[in-house]
Amino acid sequence: MNRYNFIAIEGNIGAGKTSLATKISSDFNAKLILEGFADNPFLPKFYQEPAKYAFPLELSFLAERFQQLTDQLTRQDLFKNFTVSDYFINKSLIFAQKTLQDDVFLLYSKLFHIINASLPKPDLLVYLYLSVDRLQSNIKKRGRDYEQNIENDYLEKIQSGYLDFIRQQPNLRVLIIDTNYADFVNNANDYHRIINFIDQDYSKGIHQVAV
């Protein structure tokens, strides 16, 4: 698992990004970067009133992600083999495109591209693909109050946003892993299959596998 210096794990809400990144970090001595979404004061408000709180939510997330990645990716840790993150900064643009009005998104997009130009890109982007039904099941299981009323339509929009973004990134190494029939948290065989998929020498472009 030292083939890549920086691996980003991505996926929709409830896909298992944090669980997989944390496990990889623990098992392979990787520096772990976890998104601090739980402290964002706008998130519960956004789920109650999306139109009102979409812009402050997306702007605050962008600022927090940029600050964290700037701090963590520019600071070397000689005792860690590589870095794994449970998000990719471009998720800011993906979510904002689905939540903001067109004119506001244009302003947000200009700011995003200015910020993004200075950040390192992951050597491998891993996207965990789950159906909306499986996502909803995971969301219900983890029991965060503010997530319990997320609608299928919102999850479908976010999923399509991710896939549209991935299709437009020929210069990234992207691994899409279909985990609809896997439980990598509780099933060691499923987890090791995912590790084997990640630990390959991929060329730039999209690669798809299923567990």
# chains A, B, ... in the order shown; residues from 1 in each chain; ligands from 1
>>> residues_around(residues="Tyr108 of chain A", least_positions_apart="6", cutoff="10 Å", atoms="only C-alpha atoms", output="ChimeraX atom specification")
/A:55,58-59,62,92-93,96-97,100,102
>>> select_by_dssp(residues="segment 4-207 of chain A", states="strand (DSSP E or B)", output="PyMOL selection string")
chain A and resi 6-11+31-33+83-85+124-129+173-178+205-207
>>> residues_around(residues="Ile94 of chain A", least_positions_apart="5", cutoff="8 Å", atoms="only C-alpha atoms", output="PyMOL selection string")
chain A and resi 158+161-162+165
>>> write_last_selection(atoms="C-alpha atoms", output="PDB file, in the first residue's frame")
ATOM      1  CA  ILE A 158     -25.199  13.991  -5.512  1.00  0.00           C
ATOM      2  CA  GLY A 161     -22.780  14.921  -9.717  1.00  0.00           C
ATOM      3  CA  TYR A 162     -19.899  12.697  -8.646  1.00  0.00           C
ATOM      4  CA  PHE A 165     -17.284  14.920 -12.451  1.00  0.00           C
TER       5      PHE A 165
END
>>> atom_distance(atom1="atom CA of Asp178 of chain A", atom2="atom CA of Leu128 of chain A")
6.2 Å
>>> residues_around(residues="Glu10 of chain A", least_positions_apart="6", cutoff="12 Å", atoms="only C-alpha atoms", output="VMD selection string")
chain A and resid 16 to 21 34 to 35 84 to 92 94 122 124 to 130 158 to 159 162 to 163 166 174 to 177
>>> write_last_selection(atoms="N, CA and C atoms", output="short mmCIF file (atom, residue, chain, number, x, y, z; two decimals), in the first residue's frame")
data_model
loop_
_atom_site.label_atom_id
_atom_site.label_comp_id
_atom_site.auth_asym_id
_atom_site.auth_seq_id
_atom_site.Cartn_x
_atom_site.Cartn_y
_atom_site.Cartn_z
N GLY A 16 -19.47 5.03 3.25
CA GLY A 16 -18.45 4.35 4.04
C GLY A 16 -17.06 4.92 3.87
N LYS A 17 -16.96 6.16 3.43
CA LYS A 17 -15.66 6.79 3.17
C LYS A 17 -14.78 6.83 4.42
N THR A 18 -15.35 7.33 5.51
CA THR A 18 -14.58 7.49 6.73
C THR A 18 -14.17 6.14 7.31
N SER A 19 -15.07 5.17 7.25
CA SER A 19 -14.76 3.83 7.77
C SER A 19 -13.60 3.21 7.02
N LEU A 20 -13.62 3.31 5.69
CA LEU A 20 -12.55 2.70 4.91
C LEU A 20 -11.23 3.45 5.09
N ALA A 21 -11.26 4.78 5.03
CA ALA A 21 -10.04 5.55 5.20
C ALA A 21 -9.40 5.31 6.57
N LEU A 34 -9.34 13.37 8.04
CA LEU A 34 -10.78 13.19 8.11
C LEU A 34 -11.49 14.54 8.08
N GLU A 35 -12.55 14.60 7.29
CA GLU A 35 -13.31 15.84 7.20
C GLU A 35 -14.06 16.11 8.50
N VAL A 84 -3.92 9.13 3.49
CA VAL A 84 -5.25 8.76 3.01
C VAL A 84 -6.26 9.73 3.60
N SER A 85 -7.16 10.19 2.75
CA SER A 85 -8.18 11.16 3.17
C SER A 85 -9.56 10.59 2.88
N ASP A 86 -10.56 10.99 3.68
CA ASP A 86 -11.92 10.52 3.43
C ASP A 86 -12.72 11.52 2.59
N TYR A 87 -12.01 12.42 1.90
CA TYR A 87 -12.70 13.32 0.96
C TYR A 87 -11.69 13.90 -0.03
N PHE A 88 -12.21 14.43 -1.11
CA PHE A 88 -11.45 15.12 -2.15
C PHE A 88 -12.03 16.52 -2.24
N ILE A 89 -11.19 17.53 -2.32
CA ILE A 89 -11.65 18.92 -2.28
C ILE A 89 -12.71 19.21 -3.34
N ASN A 90 -12.68 18.50 -4.47
CA ASN A 90 -13.65 18.75 -5.54
C ASN A 90 -15.08 18.41 -5.15
N LYS A 91 -15.26 17.71 -4.03
CA LYS A 91 -16.63 17.45 -3.58
C LYS A 91 -17.33 18.77 -3.27
N SER A 92 -16.56 19.80 -2.92
CA SER A 92 -17.15 21.11 -2.66
C SER A 92 -17.89 21.62 -3.89
N ILE A 94 -18.94 19.75 -6.45
CA ILE A 94 -20.00 18.80 -6.80
C ILE A 94 -21.27 19.08 -5.99
N PRO A 122 -4.82 14.05 -5.56
CA PRO A 122 -4.53 12.68 -5.11
C PRO A 122 -3.91 11.86 -6.22
N LEU A 124 -4.43 8.71 -6.37
CA LEU A 124 -5.54 7.81 -6.70
C LEU A 124 -6.79 8.29 -6.00
N LEU A 125 -7.86 8.43 -6.77
CA LEU A 125 -9.18 8.76 -6.22
C LEU A 125 -10.03 7.50 -6.24
N VAL A 126 -10.45 7.05 -5.07
CA VAL A 126 -11.29 5.86 -4.94
C VAL A 126 -12.72 6.31 -4.68
N TYR A 127 -13.64 5.89 -5.54
CA TYR A 127 -15.05 6.24 -5.36
C TYR A 127 -15.84 4.99 -4.98
N LEU A 128 -16.46 5.02 -3.81
CA LEU A 128 -17.27 3.90 -3.33
C LEU A 128 -18.70 4.09 -3.84
N TYR A 129 -19.12 3.18 -4.70
CA TYR A 129 -20.45 3.30 -5.31
C TYR A 129 -21.44 2.41 -4.57
N LEU A 130 -22.54 3.02 -4.13
CA LEU A 130 -23.64 2.29 -3.50
C LEU A 130 -24.95 2.80 -4.07
N ILE A 158 -26.60 14.01 -5.91
CA ILE A 158 -25.20 13.99 -5.51
C ILE A 158 -24.45 12.87 -6.23
N GLN A 159 -25.08 11.71 -6.34
CA GLN A 159 -24.45 10.59 -7.04
C GLN A 159 -24.17 10.94 -8.49
N TYR A 162 -21.19 13.37 -8.75
CA TYR A 162 -19.90 12.70 -8.65
C TYR A 162 -19.53 12.00 -9.96
N LEU A 163 -20.46 11.25 -10.51
CA LEU A 163 -20.16 10.47 -11.71
C LEU A 163 -19.91 11.38 -12.91
N ILE A 166 -16.37 12.67 -12.43
CA ILE A 166 -15.37 11.64 -12.71
C ILE A 166 -15.17 11.46 -14.20
N VAL A 174 -8.72 7.19 -11.33
CA VAL A 174 -9.97 7.02 -10.59
C VAL A 174 -10.33 5.54 -10.55
N LEU A 175 -10.59 5.03 -9.35
CA LEU A 175 -11.04 3.65 -9.17
C LEU A 175 -12.44 3.67 -8.58
N ILE A 176 -13.42 3.23 -9.35
CA ILE A 176 -14.80 3.12 -8.86
C ILE A 176 -15.01 1.69 -8.36
N ILE A 177 -15.36 1.56 -7.10
CA ILE A 177 -15.59 0.24 -6.50
C ILE A 177 -17.06 0.10 -6.15
#
